[in-house]
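Text of the file run.pdb, holding PDB, C-alpha atoms, pLDDT in the B column:
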```pdb
ATOM      1  CA  MET A   1     -79.803  12.642  20.696  1.00 43.00           C
ATOM      2  CA  SER A   2     -79.702  15.092  17.795  1.00 50.00           C
ATOM      3  CA  ARG A   3     -78.009  14.077  14.571  1.00 54.00           C
ATOM      4  CA  GLY A   4     -77.368  17.672  13.561  1.00 58.00           C
ATOM      5  CA  CYS A   5     -79.145  19.849  11.035  1.00 67.00           C
ATOM      6  CA  PHE A   6     -80.178  17.059   8.654  1.00 65.00           C
ATOM      7  CA  GLU A   7     -82.447  14.238   9.760  1.00 76.00           C
ATOM      8  CA  MET A   8     -83.337  12.994   6.291  1.00 84.00           C
ATOM      9  CA  SER A   9     -86.181  10.522   5.949  1.00 86.00           C
ATOM     10  CA  LEU A  10     -88.277   9.762   2.876  1.00 88.00           C
ATOM     11  CA  THR A  11     -91.157   8.651   5.120  1.00 90.00           C
ATOM     12  CA  PRO A  12     -93.098  11.951   4.891  1.00 88.00           C
ATOM     13  CA  LEU A  13     -92.900  11.818   1.094  1.00 90.00           C
ATOM     14  CA  LEU A  14     -93.797   8.137   0.938  1.00 91.00           C
ATOM     15  CA  ASN A  15     -96.835   8.874   3.140  1.00 90.00           C
ATOM     16  CA  ALA A  16     -97.933  11.783   0.924  1.00 90.00           C
ATOM     17  CA  ALA A  17    -100.688  11.654  -1.691  1.00 92.00           C
ATOM     18  CA  PRO A  18     -99.750   9.907  -4.973  1.00 95.00           C
ATOM     19  CA  GLU A  19     -99.796  13.162  -6.956  1.00 94.00           C
ATOM     20  CA  ILE A  20     -97.282  14.683  -4.541  1.00 93.00           C
ATOM     21  CA  GLN A  21     -95.051  11.624  -4.792  1.00 95.00           C
ATOM     22  CA  LEU A  22     -95.218  11.714  -8.616  1.00 96.00           C
ATOM     23  CA  HIS A  23     -94.447  15.434  -8.628  1.00 95.00           C
ATOM     24  CA  ALA A  24     -91.546  15.175  -6.165  1.00 95.00           C
ATOM     25  CA  PHE A  25     -89.872  12.109  -7.668  1.00 97.00           C
ATOM     26  CA  ALA A  26     -90.187  13.541 -11.192  1.00 98.00           C
ATOM     27  CA  ALA A  27     -88.639  16.802  -9.922  1.00 97.00           C
ATOM     28  CA  MET A  28     -85.757  15.024  -8.202  1.00 96.00           C
ATOM     29  CA  SER A  29     -85.134  12.950 -11.339  1.00 98.00           C
ATOM     30  CA  ALA A  30     -85.269  16.029 -13.573  1.00 98.00           C
ATOM     31  CA  PHE A  31     -82.866  17.869 -11.276  1.00 98.00           C
ATOM     32  CA  ALA A  32     -80.322  15.019 -11.369  1.00 98.00           C
ATOM     33  CA  LEU A  33     -80.723  14.537 -15.122  1.00 98.00           C
ATOM     34  CA  GLY A  34     -80.368  18.289 -15.662  1.00 98.00           C
ATOM     35  CA  ILE A  35     -77.015  18.273 -13.872  1.00 97.00           C
ATOM     36  CA  VAL A  36     -75.904  15.385 -16.105  1.00 97.00           C
ATOM     37  CA  GLN A  37     -77.022  17.321 -19.189  1.00 97.00           C
ATOM     38  CA  PHE A  38     -75.072  20.413 -18.146  1.00 95.00           C
ATOM     39  CA  ALA A  39     -71.885  18.365 -17.688  1.00 95.00           C
ATOM     40  CA  ALA A  40     -72.205  16.041 -20.712  1.00 94.00           C
ATOM     41  CA  PRO A  41     -71.146  16.755 -24.304  1.00 94.00           C
ATOM     42  CA  LYS A  42     -73.770  18.655 -26.292  1.00 94.00           C
ATOM     43  CA  GLY A  43     -75.316  17.774 -29.640  1.00 91.00           C
ATOM     44  CA  THR A  44     -74.756  14.040 -29.271  1.00 95.00           C
ATOM     45  CA  LEU A  45     -77.388  11.320 -29.495  1.00 96.00           C
ATOM     46  CA  PRO A  46     -77.201  10.718 -25.709  1.00 95.00           C
ATOM     47  CA  HIS A  47     -77.679  14.469 -25.098  1.00 96.00           C
ATOM     48  CA  ARG A  48     -80.736  14.550 -27.348  1.00 97.00           C
ATOM     49  CA  THR A  49     -82.184  11.350 -25.870  1.00 97.00           C
ATOM     50  CA  LEU A  50     -81.666  12.464 -22.272  1.00 98.00           C
ATOM     51  CA  GLY A  51     -82.968  15.895 -23.254  1.00 97.00           C
ATOM     52  CA  TRP A  52     -86.276  14.401 -24.415  1.00 98.00           C
ATOM     53  CA  ILE A  53     -86.527  12.417 -21.180  1.00 98.00           C
ATOM     54  CA  TRP A  54     -85.881  15.647 -19.249  1.00 98.00           C
ATOM     55  CA  VAL A  55     -88.591  17.478 -21.227  1.00 98.00           C
ATOM     56  CA  VAL A  56     -91.090  14.687 -20.459  1.00 98.00           C
ATOM     57  CA  LEU A  57     -90.155  14.822 -16.760  1.00 98.00           C
ATOM     58  CA  MET A  58     -90.669  18.587 -16.759  1.00 98.00           C
ATOM     59  CA  LEU A  59     -94.086  18.150 -18.392  1.00 98.00           C
ATOM     60  CA  VAL A  60     -95.004  15.588 -15.717  1.00 98.00           C
ATOM     61  CA  ILE A  61     -93.917  18.067 -13.043  1.00 97.00           C
ATOM     62  CA  SER A  62     -95.976  20.863 -14.596  1.00 96.00           C
ATOM     63  CA  ALA A  63     -99.067  18.703 -15.120  1.00 95.00           C
ATOM     64  CA  SER A  64     -98.940  17.092 -11.686  1.00 95.00           C
ATOM     65  CA  SER A  65     -98.694  20.495 -10.006  1.00 91.00           C
ATOM     66  CA  PHE A  66    -102.297  21.148 -11.040  1.00 89.00           C
ATOM     67  CA  LEU A  67    -103.327  18.244  -8.799  1.00 90.00           C
ATOM     68  CA  ILE A  68    -101.598  19.809  -5.770  1.00 84.00           C
ATOM     69  CA  HIS A  69    -103.449  22.550  -3.889  1.00 71.00           C
ATOM     70  CA  GLY A  70    -101.573  22.986  -0.613  1.00 64.00           C
ATOM     71  CA  ILE A  71    -101.321  26.759  -0.983  1.00 65.00           C
ATOM     72  CA  ARG A  72    -104.586  28.393  -2.076  1.00 59.00           C
ATOM     73  CA  MET A  73    -104.588  32.047  -3.067  1.00 63.00           C
ATOM     74  CA  TRP A  74    -107.031  32.138  -5.989  1.00 67.00           C
ATOM     75  CA  GLY A  75    -109.459  29.296  -5.424  1.00 64.00           C
ATOM     76  CA  PRO A  76    -107.316  26.162  -5.547  1.00 66.00           C
ATOM     77  CA  TRP A  77    -104.405  27.962  -7.265  1.00 66.00           C
ATOM     78  CA  SER A  78    -101.249  29.683  -6.076  1.00 72.00           C
ATOM     79  CA  PRO A  79     -98.476  31.710  -7.756  1.00 77.00           C
ATOM     80  CA  ILE A  80     -96.501  28.509  -8.391  1.00 81.00           C
ATOM     81  CA  HIS A  81     -99.211  27.429 -10.834  1.00 78.00           C
ATOM     82  CA  ILE A  82     -98.244  30.363 -13.061  1.00 82.00           C
ATOM     83  CA  LEU A  83     -94.853  28.678 -13.405  1.00 87.00           C
ATOM     84  CA  SER A  84     -96.662  25.444 -14.262  1.00 91.00           C
ATOM     85  CA  VAL A  85     -98.310  27.170 -17.223  1.00 92.00           C
ATOM     86  CA  PHE A  86     -95.141  28.983 -18.271  1.00 95.00           C
ATOM     87  CA  THR A  87     -92.825  25.941 -18.121  1.00 97.00           C
ATOM     88  CA  PRO A  88     -94.356  23.913 -21.006  1.00 97.00           C
ATOM     89  CA  ILE A  89     -94.367  27.043 -23.164  1.00 98.00           C
ATOM     90  CA  MET A  90     -90.676  27.614 -22.507  1.00 98.00           C
ATOM     91  CA  LEU A  91     -89.918  23.931 -23.113  1.00 98.00           C
ATOM     92  CA  ALA A  92     -91.561  24.259 -26.538  1.00 98.00           C
ATOM     93  CA  VAL A  93     -89.485  27.382 -27.234  1.00 98.00           C
ATOM     94  CA  ALA A  94     -86.307  25.514 -26.258  1.00 98.00           C
ATOM     95  CA  VAL A  95     -87.125  22.453 -28.380  1.00 98.00           C
ATOM     96  CA  VAL A  96     -87.921  24.612 -31.418  1.00 98.00           C
ATOM     97  CA  ALA A  97     -84.644  26.482 -30.919  1.00 98.00           C
ATOM     98  CA  ALA A  98     -82.707  23.196 -30.832  1.00 97.00           C
ATOM     99  CA  ARG A  99     -84.476  21.902 -33.938  1.00 96.00           C
ATOM    100  CA  ARG A 100     -83.560  25.111 -35.753  1.00 97.00           C
ATOM    101  CA  HIS A 101     -79.939  24.805 -34.563  1.00 96.00           C
ATOM    102  CA  ARG A 102     -80.223  28.002 -32.514  1.00 98.00           C
ATOM    103  CA  VAL A 103     -77.862  26.606 -29.885  1.00 97.00           C
ATOM    104  CA  ARG A 104     -77.495  29.766 -27.807  1.00 98.00           C
ATOM    105  CA  ALA A 105     -81.276  30.298 -27.537  1.00 98.00           C
ATOM    106  CA  HIS A 106     -81.746  26.606 -26.696  1.00 98.00           C
ATOM    107  CA  LYS A 107     -79.063  26.714 -24.011  1.00 97.00           C
ATOM    108  CA  ILE A 108     -80.334  29.923 -22.379  1.00 98.00           C
ATOM    109  CA  THR A 109     -83.947  28.733 -22.389  1.00 98.00           C
ATOM    110  CA  MET A 110     -83.162  25.292 -20.955  1.00 98.00           C
ATOM    111  CA  MET A 111     -80.894  26.755 -18.273  1.00 98.00           C
ATOM    112  CA  SER A 112     -83.631  29.254 -17.381  1.00 97.00           C
ATOM    113  CA  VAL A 113     -86.252  26.499 -17.084  1.00 97.00           C
ATOM    114  CA  PHE A 114     -83.874  24.478 -14.917  1.00 98.00           C
ATOM    115  CA  ALA A 115     -83.101  27.466 -12.679  1.00 97.00           C
ATOM    116  CA  GLY A 116     -86.690  28.658 -12.352  1.00 94.00           C
ATOM    117  CA  ALA A 117     -88.803  25.514 -12.422  1.00 94.00           C
ATOM    118  CA  LEU A 118     -86.433  23.236 -10.512  1.00 95.00           C
ATOM    119  CA  VAL A 119     -83.983  25.263  -8.423  1.00 95.00           C
ATOM    120  CA  LEU A 120     -86.094  28.287  -7.467  1.00 92.00           C
ATOM    121  CA  ALA A 121     -89.368  26.364  -7.144  1.00 90.00           C
ATOM    122  CA  GLY A 122     -87.483  23.613  -5.314  1.00 90.00           C
ATOM    123  CA  LEU A 123     -86.208  26.084  -2.735  1.00 90.00           C
ATOM    124  CA  PHE A 124     -89.824  26.978  -1.888  1.00 87.00           C
ATOM    125  CA  THR A 125     -90.457  23.329  -1.011  1.00 86.00           C
ATOM    126  CA  LEU A 126     -87.922  23.689   1.810  1.00 87.00           C
ATOM    127  CA  VAL A 127     -90.065  26.179   3.748  1.00 86.00           C
ATOM    128  CA  PRO A 128     -90.908  24.824   7.226  1.00 89.00           C
ATOM    129  CA  GLY A 129     -94.196  22.954   7.223  1.00 84.00           C
ATOM    130  CA  ARG A 130     -93.774  21.650   3.662  1.00 87.00           C
ATOM    131  CA  ILE A 131     -93.179  17.943   2.999  1.00 86.00           C
ATOM    132  CA  MET A 132     -89.687  18.333   1.517  1.00 89.00           C
ATOM    133  CA  HIS A 133     -88.591  20.395   4.532  1.00 86.00           C
ATOM    134  CA  THR A 134     -89.689  17.509   6.756  1.00 90.00           C
ATOM    135  CA  VAL A 135     -87.945  14.996   4.464  1.00 91.00           C
ATOM    136  CA  LEU A 136     -84.631  16.837   4.806  1.00 88.00           C
ATOM    137  CA  PHE A 137     -84.763  18.342   8.281  1.00 88.00           C
ATOM    138  CA  GLY A 138     -87.279  16.282  10.232  1.00 83.00           C
ATOM    139  CA  GLN A 139     -90.121  17.736  12.306  1.00 78.00           C
TER
END
```
Could I get this file's structure written as structure tokens?
Amino acid sequence: MSRGCFEMSLTPLLNAAPEIQLHAFAAMSAFALGIVQFAAPKGTLPHRTLGWIWVVLMLVISASSFLIHGIRMWGPWSPIHILSVFTPIMLAVAVVAARRHRVRAHKITMMSVFAGALVLAGLFTLVPGRIMHTVLFGQ
């Protein structure tokens, strides 16, 4: 009997290689924390503390992506790895902007990293045949 469109099960992710688990759980954590950061007051100690945690999570996501080679276009690499190089650079730009009190530049850069590295890249994980598609929709 079908349960509808969603047949969510973490089993495919829990059976995946450790680097994929690290990457996926860091991404899910960063996504949730990013939503909290968007909604919470800015410039406060909690915002700065959670912001540093988010930056570390994003660095873990970027670094762990270099251990994942499911799509190979140029040797072991794929276009998503370009994003993995670009993300730490943009995080540095955003942190420098915050430290220099360039709030608008910080906000735009962080929102862009969130949208590109988490939302857009995350949508690609939902393509049939990928682990996260199986997690959400079943076989």
Take the PyMOL selection byres ((chain A and resi 27-29) around 8), run it mentally on this structure, and tell me the resulting residues as a list in words. His23, Ala24, Phe25, Ala26, Ala30, Phe31, Ala32, Leu33, Leu57, Met58, Ile61 and Leu118 of chain A
Export C-alpha atoms of the chosen residues as an mmCIF file, in the frame of the given file?
```cif
data_model
loop_
_atom_site.group_PDB
_atom_site.id
_atom_site.type_symbol
_atom_site.label_atom_id
_atom_site.label_comp_id
_atom_site.auth_asym_id
_atom_site.auth_seq_id
_atom_site.Cartn_x
_atom_site.Cartn_y
_atom_site.Cartn_z
ATOM 1 C CA HIS A 23 -94.447 15.434 -8.628
ATOM 2 C CA ALA A 24 -91.546 15.175 -6.165
ATOM 3 C CA PHE A 25 -89.872 12.109 -7.668
ATOM 4 C CA ALA A 26 -90.187 13.541 -11.192
ATOM 5 C CA ALA A 30 -85.269 16.029 -13.573
ATOM 6 C CA PHE A 31 -82.866 17.869 -11.276
ATOM 7 C CA ALA A 32 -80.322 15.019 -11.369
ATOM 8 C CA LEU A 33 -80.723 14.537 -15.122
ATOM 9 C CA LEU A 57 -90.155 14.822 -16.760
ATOM 10 C CA MET A 58 -90.669 18.587 -16.759
ATOM 11 C CA ILE A 61 -93.917 18.067 -13.043
ATOM 12 C CA LEU A 118 -86.433 23.236 -10.512
#
```
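Taking atom CA of Phe124 of chain A and atom CA of Lys107 of chain A as the two end points, the separation is 24.6 Å.
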Residue neighbourhood segment 39-49 of chain A, 12 Å, only C-alpha atoms, exclusion window fewer than 5 positions, as number ranges by chain: A: 32-34, 54-56, 95, 98-99, 101-104, 106-107
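Relative to atom CA of Val93 of chain A, atom CA of Ile53 of chain A is found at 16.4 Å.
Those residues returned by the PyMOL selection byres ((chain A and resi 112) around 12) for this file are Gly34, Leu83, Phe86, Thr87, Met90, Leu91, Val93, Ala94, Ala105, His106, Lys107, Ile108, Thr109, Met110, Met111, Val113, Phe114, Ala115, Gly116, Ala117, Leu118, Val119 and Leu120 of chain A.
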From (-87.6, 12.0, 7.4), in the file's coordinates, out to 8 Å: which residues are reached, counting all atoms listed in the file? Answer as a count of residues only. 12
Minimum-distance residue to Pro79 of chain A, chosen among A:Leu14, A:Ala121, A:Gly51, A:Pro128 (using all atoms listed in the file): A:Ala121
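Nearest to Thr125 of chain A of all the residues A:Val60, A:Ile80, A:Leu50, A:Leu67 is A:Ile80, based on all atoms listed in the file.
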A straight line from atom CA of Pro88 of chain A to atom CA of Arg130 of chain A spans 24.8 Å
